[in-house]
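> Contents of target_2.csv (CSV, C-alpha atoms) are given next:
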chain,number,residue,atom,x,y,z
I,1,MET,CA,10.5,-3.0,13.4
I,2,SER,CA,11.2,-4.1,17.0
I,3,ALA,CA,8.7,-6.4,18.8
I,4,LEU,CA,7.4,-3.4,20.8
I,5,GLU,CA,6.8,-1.4,17.7
I,6,VAL,CA,4.9,-4.3,16.1
I,7,TRP,CA,2.6,-4.5,19.2
I,8,LEU,CA,2.2,-0.7,19.1
I,9,THR,CA,1.3,-1.1,15.4
I,10,ILE,CA,-1.2,-3.8,16.2
I,11,GLY,CA,-2.8,-1.5,18.9
I,12,LEU,CA,-3.0,1.4,16.4
I,13,MET,CA,-4.5,-0.9,13.8
I,14,THR,CA,-7.2,-2.0,16.3
I,15,LEU,CA,-7.9,1.7,16.9
I,16,ALA,CA,-8.3,2.1,13.1
I,17,THR,CA,-10.7,-0.8,13.0
I,18,LEU,CA,-12.8,0.6,15.8
I,19,ILE,CA,-12.8,4.1,14.4
I,20,THR,CA,-13.9,3.0,10.9
I,21,ARG,CA,-16.3,0.2,11.8
I,22,THR,CA,-18.0,1.7,14.9
I,23,SER,CA,-17.9,5.5,14.8
I,24,LEU,CA,-21.1,5.9,12.8
I,25,PHE,CA,-22.8,3.1,14.8
I,26,LEU,CA,-22.0,5.2,17.9
I,27,LEU,CA,-23.3,8.3,16.3
I,28,GLY,CA,-26.5,6.5,15.3
I,29,GLY,CA,-28.7,8.8,13.2
I,30,ALA,CA,-27.3,11.9,14.8
I,31,VAL,CA,-24.7,12.8,12.2
I,32,ARG,CA,-24.7,12.2,8.4
I,33,LEU,CA,-21.6,12.7,6.4
I,34,PRO,CA,-22.0,15.4,3.7
I,35,PRO,CA,-22.9,13.9,0.4
I,36,ARG,CA,-19.7,15.1,-1.2
I,37,VAL,CA,-17.6,13.4,1.5
I,38,GLN,CA,-19.6,10.1,1.2
I,39,HIS,CA,-19.2,10.3,-2.6
I,40,ALA,CA,-15.4,10.7,-2.4
I,41,LEU,CA,-15.0,8.0,0.3
I,42,ARG,CA,-16.8,5.6,-1.9
I,43,TYR,CA,-13.7,5.4,-4.2
I,44,ALA,CA,-11.1,5.3,-1.5
I,45,PRO,CA,-11.0,1.6,-0.8
I,46,ALA,CA,-10.7,0.7,-4.5
I,47,ALA,CA,-7.9,3.2,-5.0
I,48,ALA,CA,-6.1,2.0,-1.8
I,49,LEU,CA,-6.3,-1.7,-2.6
I,50,ALA,CA,-5.2,-1.1,-6.2
I,51,ALA,CA,-2.3,0.9,-5.0
I,52,ILE,CA,-1.2,-2.0,-2.9
I,53,VAL,CA,-1.9,-4.8,-5.4
I,54,VAL,CA,-0.5,-3.3,-8.7
I,55,PRO,CA,3.0,-2.5,-7.5
I,56,ASP,CA,3.2,-6.0,-6.1
I,57,LEU,CA,2.5,-7.4,-9.6
I,58,VAL,CA,4.7,-5.1,-11.7
I,59,LEU,CA,7.7,-4.3,-9.6
I,60,THR,CA,10.5,-6.8,-9.2
I,61,GLY,CA,13.1,-5.7,-6.6
I,62,GLY,CA,11.9,-2.1,-7.0
I,63,ALA,CA,12.3,-2.0,-10.8
I,64,LEU,CA,9.3,-2.0,-13.2
I,65,ASP,CA,9.0,-5.4,-14.9
I,66,VAL,CA,6.1,-5.4,-17.4
I,67,SER,CA,7.2,-8.4,-19.5
I,68,LEU,CA,6.2,-12.0,-20.2
I,69,ALA,CA,9.0,-13.1,-17.9
I,70,ASN,CA,7.2,-11.7,-14.8
I,71,PRO,CA,5.2,-14.7,-13.3
I,72,LYS,CA,3.4,-12.5,-10.8
I,73,LEU,CA,2.0,-10.2,-13.5
I,74,LEU,CA,1.0,-13.0,-15.8
I,75,ALA,CA,-0.6,-15.1,-13.1
I,76,GLY,CA,-2.3,-11.9,-11.7
I,77,ILE,CA,-3.9,-11.2,-15.2
I,78,GLY,CA,-5.0,-14.8,-15.5
I,79,ALA,CA,-6.5,-14.8,-12.0
I,80,ALA,CA,-8.3,-11.5,-12.6
I,81,VAL,CA,-9.8,-12.8,-15.8
I,82,PHE,CA,-10.9,-16.0,-14.1
I,83,PHE,CA,-12.4,-14.0,-11.2
I,84,LEU,CA,-14.3,-11.7,-13.5
I,85,ALA,CA,-15.8,-14.8,-15.2
I,86,THR,CA,-16.6,-16.8,-12.1
I,87,LYS,CA,-16.7,-14.4,-9.1
I,88,ARG,CA,-15.2,-17.3,-7.0
I,89,LEU,CA,-12.6,-16.1,-4.6
I,90,LEU,CA,-11.3,-19.4,-3.3
I,91,SER,CA,-11.0,-21.0,-6.8
I,92,THR,CA,-9.3,-17.8,-8.1
I,93,ILE,CA,-6.6,-17.9,-5.4
I,94,VAL,CA,-6.0,-21.6,-6.0
I,95,LEU,CA,-5.8,-21.1,-9.8
I,96,GLY,CA,-3.7,-18.0,-9.4
I,97,MET,CA,-1.2,-19.8,-7.1
I,98,ALA,CA,-1.1,-22.7,-9.5
I,99,LEU,CA,-0.4,-20.4,-12.5
I,100,PHE,CA,2.2,-18.5,-10.5
I,101,THR,CA,4.0,-21.7,-9.4
I,102,ALA,CA,3.9,-23.1,-13.0
I,103,LEU,CA,5.3,-19.9,-14.5
I,104,ARG,CA,7.9,-19.5,-11.8
I,105,VAL,CA,9.2,-22.9,-12.4
I,106,MET,CA,9.1,-22.7,-16.2
I,107,LEU,CA,10.4,-19.1,-16.7
N,1,MET,CA,-41.3,-19.5,2.8
N,2,SER,CA,-38.8,-18.5,5.5
N,3,SER,CA,-39.3,-14.8,4.9
N,4,ALA,CA,-43.1,-15.2,5.4
N,5,ASP,CA,-42.4,-17.0,8.6
N,6,SER,CA,-40.1,-14.3,9.8
N,7,MET,CA,-42.7,-11.6,9.0
N,8,THR,CA,-45.2,-13.4,11.2
N,9,ASP,CA,-42.6,-13.5,13.9
N,10,SER,CA,-41.7,-9.8,13.5
N,11,ALA,CA,-45.4,-8.9,13.9
N,12,ALA,CA,-45.5,-10.9,17.1
N,13,GLY,CA,-42.1,-9.5,18.0
N,14,SER,CA,-43.3,-6.8,20.4
N,15,SER,CA,-44.7,-9.4,22.8
N,16,ARG,CA,-42.1,-12.1,22.2
N,17,PRO,CA,-38.9,-10.2,21.2
N,18,GLY,CA,-36.6,-13.1,22.2
N,19,ILE,CA,-38.3,-15.6,19.8
N,20,SER,CA,-38.3,-13.0,16.9
N,21,GLU,CA,-34.6,-12.2,17.3
N,22,ARG,CA,-33.7,-15.9,17.5
N,23,HIS,CA,-35.6,-16.6,14.4
N,24,ALA,CA,-34.0,-13.6,12.6
N,25,PHE,CA,-30.6,-14.9,13.8
N,26,ARG,CA,-31.2,-18.2,12.1
N,27,GLU,CA,-32.4,-16.5,9.0
N,28,GLY,CA,-29.2,-14.4,8.9
N,29,MET,CA,-27.1,-17.4,9.4
N,30,LYS,CA,-28.8,-19.3,6.6
N,31,ILE,CA,-28.2,-16.4,4.2
N,32,ALA,CA,-24.5,-16.0,5.3
N,33,ALA,CA,-23.6,-19.7,5.2
N,34,PRO,CA,-22.5,-19.9,1.5
N,35,THR,CA,-19.9,-17.1,2.0
N,36,LEU,CA,-18.3,-18.8,5.0
N,37,PRO,CA,-15.9,-21.1,3.1
N,38,GLY,CA,-14.6,-18.1,1.2
N,39,ILE,CA,-14.2,-16.1,4.4
N,40,PHE,CA,-12.4,-19.0,6.0
N,41,ALA,CA,-10.0,-19.3,3.0
N,42,TRP,CA,-9.3,-15.7,3.0
N,43,GLY,CA,-8.6,-15.7,6.8
N,44,MET,CA,-6.2,-18.7,6.1
N,45,VAL,CA,-4.3,-16.8,3.5
N,46,THR,CA,-4.1,-13.8,5.7
N,47,GLY,CA,-2.9,-15.9,8.6
N,48,MET,CA,-0.2,-17.5,6.4
N,49,ALA,CA,0.8,-14.1,5.0
N,50,MET,CA,1.2,-12.7,8.5
N,51,VAL,CA,3.6,-15.4,9.6
N,52,LYS,CA,5.4,-15.4,6.3
N,53,SER,CA,6.0,-11.7,6.5
N,54,GLY,CA,8.0,-12.2,9.6
N,55,LEU,CA,5.5,-11.7,12.5
N,56,THR,CA,5.8,-14.2,15.3
N,57,ILE,CA,3.0,-16.6,15.9
N,58,TRP,CA,1.8,-14.6,19.0
N,59,GLN,CA,1.9,-11.3,17.1
N,60,ALA,CA,0.0,-12.9,14.2
N,61,LEU,CA,-2.6,-14.3,16.6
N,62,GLY,CA,-2.8,-11.0,18.4
N,63,MET,CA,-3.3,-9.2,15.1
N,64,THR,CA,-6.0,-11.5,13.8
N,65,PHE,CA,-8.1,-11.6,17.0
N,66,ILE,CA,-8.1,-7.9,17.9
N,67,VAL,CA,-7.6,-6.1,14.6
N,68,PHE,CA,-10.1,-8.2,12.6
N,69,ALA,CA,-9.7,-6.3,9.3
N,70,GLY,CA,-8.3,-8.5,6.5
N,71,SER,CA,-7.4,-6.0,3.9
N,72,ALA,CA,-5.8,-3.7,6.4
N,73,GLN,CA,-3.8,-6.5,7.9
N,74,LEU,CA,-2.6,-7.6,4.5
N,75,ALA,CA,-1.8,-4.0,3.6
N,76,SER,CA,0.2,-3.6,6.8
N,77,LEU,CA,2.5,-6.6,6.3
N,78,PRO,CA,4.8,-5.2,3.6
N,79,LEU,CA,4.9,-1.9,5.6
N,80,ILE,CA,5.9,-3.7,8.8
N,81,ALA,CA,8.5,-5.8,7.0
N,82,ALA,CA,9.9,-2.6,5.3
N,83,ASP,CA,10.2,-1.0,8.7
N,84,ALA,CA,7.8,1.8,7.9
N,85,SER,CA,6.8,4.3,10.5
N,86,ILE,CA,4.0,3.0,12.8
N,87,TRP,CA,1.9,6.1,11.9
N,88,VAL,CA,2.1,5.3,8.2
N,89,VAL,CA,0.8,1.8,9.0
N,90,PHE,CA,-2.0,3.4,11.1
N,91,LEU,CA,-3.0,5.8,8.3
N,92,THR,CA,-2.8,3.0,5.8
N,93,ALA,CA,-5.1,0.8,8.0
N,94,LEU,CA,-7.5,3.8,8.3
N,95,VAL,CA,-7.6,4.4,4.5
N,96,VAL,CA,-8.0,0.7,3.6
N,97,ASN,CA,-10.8,0.5,6.2
N,98,LEU,CA,-12.6,3.6,5.0
N,99,ARG,CA,-15.2,1.5,3.3
N,100,PHE,CA,-16.5,0.5,6.7
N,101,VAL,CA,-17.4,4.1,7.4
N,102,ILE,CA,-19.7,4.0,4.4
N,103,PHE,CA,-21.1,0.7,5.5
N,104,ALA,CA,-21.7,2.1,9.0
N,105,ALA,CA,-23.4,5.2,7.5
N,106,ALA,CA,-25.9,2.8,5.9
N,107,ILE,CA,-26.4,0.3,8.7
N,108,GLY,CA,-25.7,2.2,11.9
N,109,PRO,CA,-28.9,4.2,12.0
N,110,HIS,CA,-30.9,1.0,12.2
N,111,PHE,CA,-29.4,0.4,15.6
N,112,ALA,CA,-29.8,4.0,16.9
N,113,HIS,CA,-32.3,3.0,19.5
N,114,LEU,CA,-29.8,0.8,21.4
N,115,PRO,CA,-27.5,1.9,24.2
N,116,TRP,CA,-24.0,3.0,23.2
N,117,TYR,CA,-22.1,-0.1,24.3
N,118,LYS,CA,-24.4,-2.3,22.2
N,119,ARG,CA,-23.8,-0.1,19.2
N,120,LEU,CA,-20.1,-0.3,19.8
N,121,TRP,CA,-20.3,-4.1,20.0
N,122,TYR,CA,-22.5,-4.6,16.9
N,123,GLY,CA,-20.4,-2.0,15.0
N,124,TYR,CA,-17.3,-4.2,15.5
N,125,PHE,CA,-19.1,-6.9,13.4
N,126,ASN,CA,-19.8,-4.4,10.6
N,127,ALA,CA,-18.1,-6.1,7.7
N,128,ASP,CA,-18.2,-6.8,3.9
N,129,ILE,CA,-20.8,-9.5,4.1
N,130,THR,CA,-23.0,-7.7,6.5
N,131,ILE,CA,-23.3,-4.7,4.2
N,132,GLY,CA,-23.8,-7.2,1.3
N,133,LEU,CA,-26.7,-8.9,3.0
N,134,PHE,CA,-28.3,-6.7,5.6
N,135,PRO,CA,-29.7,-3.8,3.5
N,136,ARG,CA,-31.4,-6.3,1.1
N,137,ARG,CA,-33.4,-7.7,4.1
N,138,PHE,CA,-33.8,-4.4,5.9
N,139,PRO,CA,-33.8,-1.4,3.4
N,140,ALA,CA,-33.7,2.2,4.6
N,141,GLU,CA,-37.5,2.3,4.8
N,142,THR,CA,-37.5,0.0,7.8
N,143,LEU,CA,-35.5,2.4,9.8
N,144,ASP,CA,-38.1,2.8,12.6
N,145,LYS,CA,-38.9,-0.9,12.9
N,146,PRO,CA,-36.2,-2.5,15.0
N,147,GLU,CA,-37.7,-6.1,15.2
N,148,GLY,CA,-35.4,-8.8,14.0
N,149,LYS,CA,-32.5,-6.5,13.1
N,150,VAL,CA,-30.2,-7.4,15.9
N,151,GLY,CA,-30.9,-11.1,15.3
N,152,PHE,CA,-30.4,-10.9,11.6
N,153,PHE,CA,-27.3,-8.7,11.8
N,154,THR,CA,-25.6,-10.9,14.4
N,155,GLY,CA,-26.7,-14.1,12.5
N,156,ILE,CA,-24.4,-12.8,9.7
N,157,GLY,CA,-21.8,-11.1,11.7
N,158,TYR,CA,-21.0,-13.8,14.3
N,159,PRO,CA,-20.5,-16.7,11.9
N,160,ASN,CA,-18.5,-14.4,9.7
N,161,TRP,CA,-16.2,-13.6,12.6
N,162,CYS,CA,-15.8,-17.2,13.6
N,163,ALA,CA,-15.1,-18.4,10.0
N,164,TRP,CA,-12.5,-15.6,9.6
N,165,GLN,CA,-10.8,-16.3,12.9
N,166,GLY,CA,-10.9,-20.1,12.3
N,167,GLY,CA,-9.2,-19.6,8.9
N,168,SER,CA,-6.7,-17.2,10.3
N,169,VAL,CA,-5.6,-19.5,13.1
N,170,ALA,CA,-5.4,-22.5,10.7
N,171,GLY,CA,-3.2,-20.3,8.4
N,172,ILE,CA,-1.0,-19.1,11.2
N,173,LEU,CA,-0.3,-22.7,12.4
N,174,LEU,CA,0.1,-24.1,8.9
N,175,ALA,CA,2.4,-21.4,7.7
N,176,SER,CA,5.5,-23.0,9.1
N,177,GLN,CA,4.8,-26.2,7.2
N,178,ILE,CA,5.0,-24.4,3.9
N,179,PRO,CA,8.4,-23.5,2.3
N,180,GLN,CA,9.2,-19.8,1.6
N,181,SER,CA,10.0,-20.6,-2.0
N,182,TRP,CA,6.4,-21.3,-2.8
N,183,GLY,CA,5.6,-17.6,-2.5
N,184,ILE,CA,2.5,-18.2,-0.5
N,185,GLY,CA,2.3,-14.5,0.2
N,186,TYR,CA,1.3,-14.0,-3.4
N,187,ALA,CA,-2.0,-15.6,-2.4
N,188,GLY,CA,-2.6,-12.5,-0.2
N,189,THR,CA,-2.1,-10.3,-3.3
N,190,LEU,CA,-4.5,-12.5,-5.2
N,191,ALA,CA,-7.1,-12.2,-2.4
N,192,LEU,CA,-6.7,-8.4,-2.4
N,193,LEU,CA,-7.0,-8.4,-6.2
N,194,CYS,CA,-10.3,-10.3,-5.9
N,195,ILE,CA,-11.6,-7.8,-3.4
N,196,THR,CA,-10.6,-4.9,-5.5
N,197,ILE,CA,-12.3,-6.0,-8.7
N,198,PRO,CA,-15.9,-5.8,-7.4
N,199,LEU,CA,-15.2,-2.3,-6.1
N,200,VAL,CA,-14.8,-1.1,-9.6
N,201,ILE,CA,-18.5,-0.3,-9.9
N,202,ASN,CA,-18.4,2.4,-12.6
N,203,LYS,CA,-16.1,4.4,-14.9
N,204,ALA,CA,-15.2,6.8,-12.2
N,205,ALA,CA,-14.0,3.9,-9.9
N,206,LEU,CA,-12.1,2.5,-12.8
N,207,ALA,CA,-10.3,5.8,-13.4
N,208,GLY,CA,-9.5,6.0,-9.7
N,209,VAL,CA,-8.0,2.5,-9.7
N,210,VAL,CA,-6.0,3.1,-12.9
N,211,VAL,CA,-4.6,6.4,-11.6
N,212,ALA,CA,-3.9,5.2,-8.1
N,213,SER,CA,-2.1,2.1,-9.5
N,214,ALA,CA,0.1,4.3,-11.8
N,215,VAL,CA,0.9,6.8,-9.0
N,216,ALA,CA,1.7,3.9,-6.6
N,217,VAL,CA,4.1,2.3,-9.1
N,218,ALA,CA,5.7,5.7,-10.0
N,219,ALA,CA,6.0,6.7,-6.3
N,220,ALA,CA,7.1,3.3,-5.0
N,221,GLY,CA,10.5,4.7,-4.2
N,222,LEU,CA,9.2,7.2,-1.7
N,223,PRO,CA,10.2,6.4,2.0
N,224,TYR,CA,7.7,4.9,4.4
N,225,ARG,CA,5.4,3.8,1.5
N,226,LEU,CA,4.2,7.4,1.4
N,227,GLY,CA,3.6,6.7,-2.3
N,228,LEU,CA,0.6,4.7,-1.2
N,229,LEU,CA,-1.1,7.6,0.5
N,230,LEU,CA,-0.3,9.9,-2.5
N,231,ALA,CA,-1.8,7.2,-4.8
N,232,VAL,CA,-5.0,7.0,-2.8
N,233,ILE,CA,-5.5,10.8,-2.7
N,234,VAL,CA,-4.8,11.3,-6.4
N,235,GLY,CA,-6.9,8.2,-7.3
N,236,MET,CA,-9.9,9.5,-5.4
N,237,ALA,CA,-9.5,12.9,-7.0
N,238,ALA,CA,-9.4,11.3,-10.4
N,239,ALA,CA,-12.6,9.3,-9.7
N,240,MET,CA,-14.4,12.4,-8.5
N,241,ALA,CA,-13.2,14.3,-11.7
N,242,VAL,CA,-14.6,11.6,-13.9
N,243,ASP,CA,-17.9,11.6,-12.1
N,244,MET,CA,-18.1,15.4,-12.5
N,245,ILE,CA,-17.3,15.1,-16.2
N,246,ILE,CA,-20.0,12.4,-16.7
N,247,ASP,CA,-22.5,14.5,-14.8
N,248,ARG,CA,-21.9,17.5,-16.9
N,249,THR,CA,-22.0,15.7,-20.3
N,250,GLY,CA,-25.1,13.9,-19.1
N,251,ARG,CA,-26.8,17.1,-18.3
N,252,GLU,CA,-25.8,18.7,-21.6
N,253,SER,CA,-27.1,15.9,-23.7
N,254,ALA,CA,-30.3,15.8,-21.7
What would the structure in this file look like if it were written as structure tokens?


Amino acid sequence: MSALEVWLTIGLMTLATLITRTSLFLLGGAVRLPPRVQHALRYAPAAALAAIVVPDLVLTGGALDVSLANPKLLAGIGAAVFFLATKRLLSTIVLGMALFTALRVML
Amino acid sequence: MSSADSMTDSAAGSSRPGISERHAFREGMKIAAPTLPGIFAWGMVTGMAMVKSGLTIWQALGMTFIVFAGSAQLASLPLIAADASIWVVFLTALVVNLRFVIFAAAIGPHFAHLPWYKRLWYGYFNADITIGLFPRRFPAETLDKPEGKVGFFTGIGYPNWCAWQGGSVAGILLASQIPQSWGIGYAGTLALLCITIPLVINKAALAGVVVASAVAVAAAGLPYRLGLLLAVIVGMAAAMAVDMIIDRTGRESA
């Protein structure tokens, strides 16, 4: 992307922030989303985030790599287990990075 | 103890609104405080990831101060680096931010009595920890009692913003001290992973996550990361389908 396009992107992302964060504040109690829409939207963030995270863990240079030689995948599984047990975001990132680094150096 | 204090203050709030809001602000701040180191760390990781992905320091600072949406920022970085269309980045940011629409649907009506510019301002601070903490103190039944709400909400929202921006700036400035080979961007993936896990609230959400992940991997070769949008849509449909199946079997067995 050119520098101009990056700034345009930042502008559009700001718009995305304002639309999603504030539109229902602006509407106040005037408009309620239909229950079906609210229901479906509830699952959108989890689906979107998983669709970003998982390819990052299992794809190496565009090819599927589900093996014990993939440090991102192994460290990701370790971090997920640790987070499920402790619910501590900061410690999980530190541990995950340590695992990733150790595996990257060893494998 | 402190909630009893604030109730007395709320009762007196109509004659002394300033004191009541200030008290509620302090109450909100006290409740939000334990989350701030985590918010700072996540801001830091996001700040580093922005610089590491190739944004200049000014672009990274611009993005953090005006976009103020961590998961959308992290999601946008690989897209920007891969030269995706700016509209794909926009749509991705909208999709990743969709949870804020739900948060606003729950919290926004509490501020319906305020003028529009104040609602716009407070809406900007609508975030993960405000939805986590605000409804517990002010459930839907308190809709017609505005006392203390602005104070409590901003007592969470303002420190949250400051911790996030402080962390981001630290990350942006530190990023150049950290070698590329350390793969620090992986910390961003880990942070997103930690945010995804609590969103898996039931079987339907789990199905949505599994299906969206599979589709995203299978469709990773599509241009402009369109596979991501496809994954979200199919994942949402899968979650809805599971909910409907559970609903039906529940009714049959009952």

> Rank N:Pro135, N:Gly188, N:Gly38, N:Gly250 by their smallest atom-to-atom distance to Pro78 (chain N), using all atoms listed in the file, and report the top residue only.

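Of all the options, N:Gly188 lies closest to Pro78 (chain N).
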
> With distances taken over only C-alpha atoms, which of I:Ile77, I:Leu15, I:Leu27, I:Val105 is nearest to Val58 (chain I)?

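With only C-alpha atoms as the atom set, the closest residue is I:Ile77.
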
> Excluding Trp42 (chain N) and residues on its chain fewer than 4 positions from it, collect all residues at most 9 Å away from it, counting only C-alpha atoms, and give them as a PyMOL selection string.

(chain I and resi 89-90) or (chain N and resi 37-38+46-47+70+164+167-168+188+191)

> Using C-alpha atoms, can you export the residues from the last selection as a PDB file, keeping the file's coordinate frame?


ATOM      1  CA  LEU I  89     -12.600 -16.100  -4.600  1.00  0.00           C
ATOM      2  CA  LEU I  90     -11.300 -19.400  -3.300  1.00  0.00           C
TER       3      LEU I  90
ATOM      4  CA  PRO N  37     -15.900 -21.100   3.100  1.00  0.00           C
ATOM      5  CA  GLY N  38     -14.600 -18.100   1.200  1.00  0.00           C
ATOM      6  CA  THR N  46      -4.100 -13.800   5.700  1.00  0.00           C
ATOM      7  CA  GLY N  47      -2.900 -15.900   8.600  1.00  0.00           C
ATOM      8  CA  GLY N  70      -8.300  -8.500   6.500  1.00  0.00           C
ATOM      9  CA  TRP N 164     -12.500 -15.600   9.600  1.00  0.00           C
ATOM     10  CA  GLY N 167      -9.200 -19.600   8.900  1.00  0.00           C
ATOM     11  CA  SER N 168      -6.700 -17.200  10.300  1.00  0.00           C
ATOM     12  CA  GLY N 188      -2.600 -12.500  -0.200  1.00  0.00           C
ATOM     13  CA  ALA N 191      -7.100 -12.200  -2.400  1.00  0.00           C
TER      14      ALA N 191
END

> Under the rule of at most 9 Å, produce a per-residue listing of region 65-160 of chain N near region 31-55 of chain I: chain, number, name, the closest pair of atoms, and the distance in Å, as a Markdown table, using all atoms listed in the file.


| residue | atom | partner | partner_atom | distance |
| --- | --- | --- | --- | --- |
| N:Ser71 | CA | I:Leu49 | CA | 7.9 |
| N:Ala75 | CA | I:Ile52 | CA | 6.8 |
| N:Thr92 | CA | I:Ala48 | CA | 8.3 |
| N:Val95 | CA | I:Pro45 | CA | 6.9 |
| N:Val96 | CA | I:Pro45 | CA | 5.4 |
| N:Asn97 | CA | I:Pro45 | CA | 7.1 |
| N:Leu98 | CA | I:Pro45 | CA | 6.3 |
| N:Arg99 | CA | I:Pro45 | CA | 5.9 |
| N:Val101 | CA | I:Leu41 | CA | 8.4 |
| N:Ile102 | CA | I:Gln38 | CA | 6.9 |
| N:Ala105 | CA | I:Arg32 | CA | 7.2 |

> What's the separation between CA of Met48 (chain N) and CA of Thr20 (chain I), in Å to one decimal place?

25.1 Å

> Find, counting all atoms listed in the file, the residue in N:Ile197, N:Val209, N:Ala140, N:Ala69 that gets nearest to Tyr124 (chain N).

N:Ala69

> Counting only C-alpha atoms, which residues of chain N sit at most 7 Å from some atom of chain I, and what is each one's closest atom pair with its distance in Å to one decimal, listed by chain and rising residue number, as a tab-separated table?


residue	atom	partner	partner_atom	distance
N:Gly38	CA	I:Leu90	CA	5.7
N:Ala41	CA	I:Leu90	CA	6.4
N:Met63	CA	I:Ile10	CA	5.9
N:Ile66	CA	I:Thr14	CA	6.2
N:Val67	CA	I:Thr14	CA	4.5
N:Ala69	CA	I:Thr17	CA	6.7
N:Ala75	CA	I:Ile52	CA	6.8
N:Ile80	CA	I:Met1	CA	6.5
N:Asp83	CA	I:Met1	CA	5.1
N:Ile86	CA	I:Thr9	CA	5.6
N:Phe90	CA	I:Met13	CA	5.7
N:Ala93	CA	I:Met13	CA	6.1
N:Leu94	CA	I:Ala16	CA	5.2
N:Val95	CA	I:Pro45	CA	6.9
N:Val96	CA	I:Pro45	CA	5.4
N:Asn97	CA	I:Thr20	CA	6.2
N:Leu98	CA	I:Thr20	CA	6.1
N:Arg99	CA	I:Pro45	CA	5.9
N:Phe100	CA	I:Arg21	CA	5.1
N:Val101	CA	I:Thr20	CA	5.1
N:Ile102	CA	I:Gln38	CA	6.9
N:Ala104	CA	I:Leu24	CA	5.4
N:Ala105	CA	I:Leu24	CA	5.8
N:Gly108	CA	I:Phe25	CA	4.2
N:Pro109	CA	I:Gly28	CA	4.7
N:Phe111	CA	I:Gly28	CA	6.8
N:Ala112	CA	I:Gly28	CA	4.4
N:Trp116	CA	I:Leu26	CA	6.1
N:Arg119	CA	I:Phe25	CA	5.5
N:Leu120	CA	I:Thr22	CA	5.7
N:Gly123	CA	I:Thr22	CA	4.4
N:Tyr124	CA	I:Arg21	CA	5.8
N:Asn126	CA	I:Arg21	CA	5.9
N:Ala187	CA	I:Ile93	CA	6.0
N:Thr189	CA	I:Val53	CA	5.9
N:Leu190	CA	I:Ile93	CA	5.8
N:Ala191	CA	I:Ile93	CA	6.5
N:Leu192	CA	I:Val53	CA	6.7
N:Leu193	CA	I:Val53	CA	6.3
N:Cys194	CA	I:Leu89	CA	6.4
N:Thr196	CA	I:Ala46	CA	5.7
N:Leu199	CA	I:Ala46	CA	5.6
N:Val200	CA	I:Ala46	CA	6.8
N:Ala205	CA	I:Tyr43	CA	5.9
N:Gly208	CA	I:Ala47	CA	5.7
N:Val209	CA	I:Ala47	CA	4.8
N:Ala212	CA	I:Ala47	CA	5.4
N:Ser213	CA	I:Ala51	CA	4.7
N:Ala216	CA	I:Ala51	CA	5.2
N:Val217	CA	I:Pro55	CA	5.2
N:Leu228	CA	I:Ala51	CA	6.1
N:Ala231	CA	I:Ala51	CA	6.3
N:Val232	CA	I:Ala48	CA	5.2
N:Gly235	CA	I:Ala47	CA	5.6
N:Met236	CA	I:Tyr43	CA	5.7
N:Ala239	CA	I:Tyr43	CA	6.8
N:Met240	CA	I:Ala40	CA	6.4

> I'd like to know which of N:Trp58, N:Phe103, N:Phe153, N:Tyr158 is closest to Leu173 (chain N), using all atoms listed in the file.

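Among the listed residues, N:Trp58 lies closest to Leu173 (chain N).
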
> Rank nothing, just name the residue among N:Val210, N:Leu61, N:Ala204, N:Leu143 nearest to Met44 (chain N), using only C-alpha atoms.

N:Leu61

> Expressed in Å to a single decimal, how great is the separation between CA of Met106 (chain I) and CA of Leu73 (chain I)?

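Taking CA of Met106 (chain I) as the start and CA of Leu73 (chain I) as the end point, the length is 14.6 Å.
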
> Figure out the distance between CA of Pro34 (chain N) and CA of Arg136 (chain N), please, to one decimal in Å.

16.3 Å
